[in-house]
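Participant: Next up, my_file.cif (mmCIF, C-alpha atoms and all ligand atoms).
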data_protein
#
loop_
_atom_site.label_atom_id
_atom_site.label_comp_id
_atom_site.auth_asym_id
_atom_site.auth_seq_id
_atom_site.Cartn_x
_atom_site.Cartn_y
_atom_site.Cartn_z
CA MET A 1 0.00 0.00 0.00
CA LEU A 2 2.73 2.39 1.09
CA ILE A 3 4.96 1.22 -1.75
CA ASN A 4 2.21 1.99 -4.25
CA PHE A 5 1.77 5.44 -2.76
CA PHE A 6 5.46 6.26 -3.11
CA ARG A 7 5.53 4.88 -6.62
CA GLN A 8 2.66 7.17 -7.54
CA LEU A 9 4.45 10.09 -5.92
CA LEU A 10 7.68 9.33 -7.77
CA SER A 11 5.87 8.97 -11.08
CA TRP A 12 4.60 12.55 -10.68
CA ILE A 13 8.04 13.91 -9.94
CA TYR A 14 9.94 11.84 -12.48
CA PHE A 15 7.68 11.13 -15.41
CA GLU A 16 8.53 8.45 -17.95
CA TYR A 17 7.86 8.31 -21.66
CA CYS A 18 4.97 6.06 -22.64
CA TYR A 19 6.24 2.95 -24.42
CA LEU A 20 3.33 3.02 -26.86
CA CYS A 21 2.79 6.68 -27.86
CA LYS A 22 6.20 8.06 -26.71
CA LYS A 23 4.56 11.04 -25.01
CA PRO A 24 5.37 11.93 -21.37
CA SER A 25 3.50 9.62 -19.01
CA TYR A 26 2.61 10.26 -15.38
CA ASN A 27 1.17 6.77 -15.16
CA GLY A 28 4.34 4.68 -15.43
CA ALA A 29 5.54 2.98 -18.61
CA VAL A 30 2.15 3.20 -20.34
CA CYS A 31 0.27 6.53 -20.20
CA THR A 32 -3.34 6.70 -18.99
CA GLU A 33 -4.65 7.36 -22.49
CA CYS A 34 -2.90 4.32 -24.01
CA HIS A 35 -3.79 2.18 -21.00
CA ASN A 36 -7.46 3.03 -21.44
CA LYS A 37 -7.26 2.05 -25.09
CA LEU A 38 -6.12 -1.50 -24.30
CA THR A 39 -9.13 -3.63 -25.11
CA GLN A 40 -10.39 -5.59 -22.15
CA ASN A 41 -11.81 -9.03 -22.66
CA THR A 42 -15.10 -10.23 -21.17
CA ILE A 43 -14.99 -11.46 -17.58
CA ALA A 44 -16.23 -14.87 -18.63
CA PRO A 45 -13.42 -17.45 -18.75
CA VAL A 46 -12.02 -17.88 -22.27
CA LYS A 47 -11.41 -21.54 -21.53
CA ILE A 48 -12.26 -24.07 -18.87
CA ILE A 49 -9.63 -26.76 -18.49
CA ASN A 50 -10.34 -29.60 -16.06
CA ASN A 51 -12.95 -27.42 -14.28
CA THR A 52 -10.37 -24.63 -13.99
CA PRO A 53 -11.47 -21.26 -15.39
CA VAL A 54 -8.87 -19.46 -17.50
CA TYR A 55 -9.35 -15.68 -17.78
CA ALA A 56 -7.72 -13.47 -20.40
CA SER A 57 -7.44 -9.76 -19.63
CA GLY A 58 -7.24 -8.61 -23.21
CA PHE A 59 -6.80 -9.62 -26.81
CA TYR A 60 -3.44 -10.14 -28.44
CA ASN A 61 -3.52 -7.10 -30.71
CA GLU A 62 -0.95 -4.54 -31.86
CA ASP A 63 -0.61 -2.81 -28.48
CA THR A 64 -0.60 -5.85 -26.19
CA ARG A 65 1.81 -7.60 -28.57
CA LYS A 66 4.19 -4.62 -28.38
CA LEU A 67 4.06 -4.56 -24.58
CA ILE A 68 4.48 -8.28 -24.04
CA LYS A 69 7.28 -8.61 -26.62
CA ALA A 70 9.15 -5.65 -25.14
CA LEU A 71 8.91 -7.11 -21.65
CA LYS A 72 9.87 -10.60 -22.81
CA TYR A 73 12.68 -9.91 -25.26
CA TYR A 74 13.85 -6.30 -24.98
CA ASN A 75 14.47 -5.98 -21.27
CA LYS A 76 11.65 -3.44 -20.73
CA LYS A 77 11.04 -4.69 -17.21
CA GLN A 78 9.11 -1.57 -16.20
CA LEU A 79 6.25 -2.80 -18.42
CA SER A 80 5.55 -5.66 -16.00
CA LEU A 81 3.67 -3.24 -13.72
CA SER A 82 1.59 -1.77 -16.57
CA ILE A 83 0.60 -5.28 -17.71
CA ALA A 84 -0.14 -6.37 -14.13
CA VAL A 85 -2.42 -3.35 -13.61
CA PHE A 86 -4.27 -4.22 -16.83
CA MET A 87 -4.67 -7.85 -15.72
CA ASN A 88 -5.81 -6.81 -12.28
CA GLU A 89 -8.65 -4.74 -13.73
CA LEU A 90 -10.18 -7.93 -15.11
CA TRP A 91 -9.27 -10.04 -12.09
CA GLN A 92 -11.16 -7.69 -9.77
CA GLN A 93 -14.35 -8.31 -11.74
CA THR A 94 -14.18 -12.11 -11.60
CA PRO A 95 -16.33 -13.94 -9.03
CA HIS A 96 -13.39 -15.29 -6.98
CA SER A 97 -12.94 -14.33 -3.34
CA LYS A 98 -9.73 -12.34 -4.17
CA GLU A 99 -8.28 -13.26 -0.82
CA HIS A 100 -5.25 -15.43 -0.09
CA PHE A 101 -4.22 -16.43 -3.57
CA CYS A 102 -0.79 -17.72 -4.28
CA ILE A 103 0.36 -16.85 -7.79
CA ILE A 104 2.12 -19.48 -9.83
CA PRO A 105 3.85 -17.98 -12.86
CA MET A 106 4.10 -20.32 -15.86
CA PRO A 107 7.34 -22.14 -15.04
CA LEU A 108 10.30 -21.38 -17.24
CA HIS A 109 13.04 -23.97 -17.73
CA LYS A 110 16.29 -22.87 -16.09
CA LYS A 111 18.11 -23.13 -19.42
CA ARG A 112 15.71 -20.59 -20.97
CA LYS A 113 16.02 -18.28 -17.97
CA LYS A 114 19.77 -18.35 -18.35
CA GLN A 115 19.47 -17.48 -22.05
CA ARG A 116 17.11 -14.54 -21.48
CA GLY A 117 18.58 -13.39 -18.18
CA TYR A 118 15.21 -13.03 -16.47
CA ASP A 119 11.73 -14.52 -16.29
CA HIS A 120 9.19 -11.98 -17.58
CA VAL A 121 6.11 -13.86 -16.31
CA LEU A 122 7.64 -13.94 -12.84
CA LEU A 123 8.08 -10.14 -13.02
CA MET A 124 4.41 -9.73 -13.99
CA ALA A 125 3.37 -12.08 -11.18
CA LYS A 126 5.39 -10.12 -8.60
CA GLU A 127 3.74 -6.82 -9.60
CA PHE A 128 0.30 -8.44 -9.63
CA ALA A 129 0.98 -9.90 -6.19
CA ARG A 130 2.02 -6.51 -4.84
CA LEU A 131 -1.23 -4.95 -6.06
CA ASN A 132 -3.29 -7.59 -4.25
CA ASN A 133 -1.13 -8.53 -1.30
CA TYR A 134 -0.69 -12.06 -2.65
CA GLU A 135 2.29 -14.35 -2.56
CA VAL A 136 4.23 -15.60 -5.57
CA ASP A 137 5.59 -19.12 -5.57
CA ASN A 138 7.90 -20.13 -8.39
CA LYS A 139 9.22 -23.19 -6.61
CA LEU A 140 5.97 -25.13 -6.12
CA ILE A 141 5.92 -26.18 -9.76
CA THR A 142 9.06 -26.54 -11.81
CA ARG A 143 9.61 -27.10 -15.50
CA VAL A 144 11.57 -30.30 -15.74
CA LYS A 145 11.53 -30.63 -19.52
CA ASP A 146 13.03 -28.05 -21.85
CA THR A 147 10.26 -28.04 -24.44
CA LYS A 148 10.56 -26.86 -28.03
CA PRO A 149 8.70 -23.66 -29.00
CA GLN A 150 5.09 -24.71 -29.59
CA TYR A 151 4.68 -22.80 -32.85
CA GLU A 152 7.22 -25.06 -34.55
CA LEU A 153 5.05 -28.11 -33.95
CA THR A 154 1.86 -29.76 -35.19
CA LYS A 155 -1.09 -30.23 -32.84
CA GLU A 156 -0.09 -33.82 -32.04
CA GLU A 157 3.56 -32.92 -31.50
CA ARG A 158 2.51 -30.12 -29.14
CA LYS A 159 0.82 -32.51 -26.76
CA GLU A 160 3.74 -34.92 -26.89
CA ASN A 161 6.17 -32.03 -26.40
CA LEU A 162 4.49 -30.93 -23.16
CA THR A 163 3.72 -34.28 -21.56
CA GLY A 164 5.55 -34.45 -18.26
CA ALA A 165 6.98 -30.94 -18.71
CA PHE A 166 6.07 -29.85 -15.16
CA LYS A 167 6.61 -31.24 -11.69
CA PHE A 168 4.41 -30.36 -8.72
CA ASN A 169 6.63 -30.25 -5.62
CA GLU A 170 3.96 -31.51 -3.26
CA HIS A 171 6.00 -30.99 -0.09
CA LEU A 172 6.00 -27.21 -0.72
CA TYR A 173 2.22 -26.86 -1.03
CA LYS A 174 0.83 -24.87 1.93
CA GLY A 175 -2.88 -25.23 1.22
CA GLN A 176 -3.33 -21.95 -0.63
CA ASN A 177 -5.70 -21.09 -3.46
CA LEU A 178 -3.69 -21.00 -6.63
CA LEU A 179 -3.79 -18.43 -9.40
CA LEU A 180 -1.80 -19.57 -12.42
CA MET A 181 -0.38 -16.84 -14.61
CA ASP A 182 1.00 -16.55 -18.12
CA ASP A 183 1.51 -13.78 -20.68
CA ILE A 184 -0.40 -15.14 -23.71
CA LEU A 185 -2.84 -17.96 -24.25
CA THR A 186 -2.57 -19.35 -27.77
CA SER A 187 -3.55 -22.98 -28.09
CA GLY A 188 -3.69 -23.30 -24.31
CA ALA A 189 -1.61 -26.50 -24.44
CA SER A 190 0.96 -25.33 -21.86
CA MET A 191 -1.76 -24.13 -19.50
CA GLU A 192 -3.60 -27.41 -19.93
CA GLU A 193 -0.54 -29.45 -19.05
CA LEU A 194 0.17 -27.21 -16.05
CA ILE A 195 -3.40 -27.59 -14.75
CA LYS A 196 -3.30 -31.35 -15.25
CA THR A 197 -0.07 -31.56 -13.25
CA ILE A 198 -1.64 -29.67 -10.33
CA LYS A 199 -5.02 -31.36 -10.51
CA ILE A 200 -3.47 -34.65 -9.46
CA PHE A 201 -3.22 -33.00 -6.05
CA GLU A 202 -5.95 -31.60 -3.83
CA VAL A 203 -6.08 -27.82 -4.21
CA ASP A 204 -8.96 -25.73 -2.81
CA ASP A 205 -9.52 -23.08 -5.47
CA ILE A 206 -7.57 -22.91 -8.66
CA CYS A 207 -7.94 -20.59 -11.62
CA ALA A 208 -5.71 -19.02 -14.24
CA ILE A 209 -5.21 -15.61 -15.79
CA VAL A 210 -3.24 -14.52 -18.85
CA GLY A 211 -2.39 -11.06 -20.16
CA ALA A 212 -3.87 -11.63 -23.60
CA GLU A 213 -5.69 -14.23 -25.60
CA SER A 214 -4.30 -14.77 -29.06
CA VAL A 215 -6.83 -14.83 -31.86
CA LEU A 216 -4.57 -17.17 -33.79
CA LYS A 217 -6.06 -20.26 -32.21
CA LYS A 218 -4.66 -23.37 -33.84
ZN ZN A 301 0.73 6.57 -24.39
#
For the file at hand, write its structure as C-alpha cells.

Facilitator:
Amino acid sequence: MLINFFRQLLSWIYFEYCYLCKKPSYNGAVCTECHNKLTQNTIAPVKIINNTPVYASGFYNEDTRKLIKALKYYNKKQLSLSIAVFMNELWQQTPHSKEHFCIIPMPLHKKRKKQRGYDHVLLMAKEFARLNNYEVDNKLITRVKDTKPQYELTKEERKENLTGAFKFNEHLYKGQNLLLMDDILTSGASMEELIKTIKIFEVDDICAIVGAESVLKK
C-alpha cells in the first residue's frame, strides 16, 4: 500500500515516456490514455480446463503484442507493472474471493532463464501480487523438460512435447488457493498441461489468468 503510494508520488516527480505513444507519461511505462485504449476481454473465462477457469485480460492485438514482446525480449522490465495493472482490472471483476491467492507464474526452464537473463512472467506475477497482497511461488511447480517452442510443432507434436513438462513439488504446497499466470494464451496447451499436473493434487480453489488471448487459435 505504502509502496504503491510512493511509486505514484515518484511517477509525478519523475515522469517516464509512454512505451506506446512516446509522449510523457505520469502513469508509469504506459500513459493513462494508451492504458485506457487496451481492449479488455469479457470477464467470462475464455477456456475451462479440467474445471479450472482461465481468464484473459485482453486480446493479443498490436498494443498488447508490443508490450508483451518488449517485456519478454527487450528488457523493458518496467512494463511488468503496466501489464499487471491491466490484468488486475479484469481479475477484480471475476467472481473469486480475491483473498489469499498464491500466484504461480508459468514455469520457465532454467536453461531458458539463463538465455534470457530473467523470467518476464515472474516479473508480472510479482507486480500483480504486490497490487493484491498475494504471494508468488515459483518453486511449487518446476519445469523439468526443456520443451521446443510450440509454434514449430503440429497439434499432435505439441501434446507430446508438453507431456511431463512440469513437476508439482507436493512438499511445498501450503494449502493456498492457486492463481496460475501466463503472458499469452494461444492454443492453451501449456496451460492445460500445467493444470493437469496440479489437478493430481488436492487444491482448494484454482484458476488461471493470462495477459492476452491470441486470436490465432490453432
Ligand atoms: Zn501513451

Participant: Can you measure CA of His96 in chain A to CA of Leu123 in chain A for me? One decimal in Å is fine.

Facilitator: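 Going from CA of His96 in chain A over to CA of Leu123 in chain A, I get 22.9 Å.
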
Participant: Select, from A:Ala189, A:Ala212, A:Cys18, A:Val144, the residue with the minimum atom-to-atom distance to Glu160 in chain A, counting all atoms listed in the file.

Facilitator: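 Smallest distance to Glu160 in chain A is found for A:Ala189.
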
Participant: Pick out the residues no farther than 6 Å from ligand ZN 301 (chain A), counting all atoms listed in the file, and list them as number ranges by chain.

Facilitator: A: 18, 20-21, 23, 30-31, 33-34

Participant: Kindly give the distance, in Å, that separates CA of Glu157 in chain A and CA of Val54 in chain A, rounded to a single decimal.

Facilitator: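 Rounded to one decimal, the two atoms are 23.1 Å apart.
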
Participant: So the first atom is CA of Lys72 in chain A and the second is CA of Lys110 in chain A; what is the distance between them in Å, to one decimal place?

Facilitator: 15.4 Å
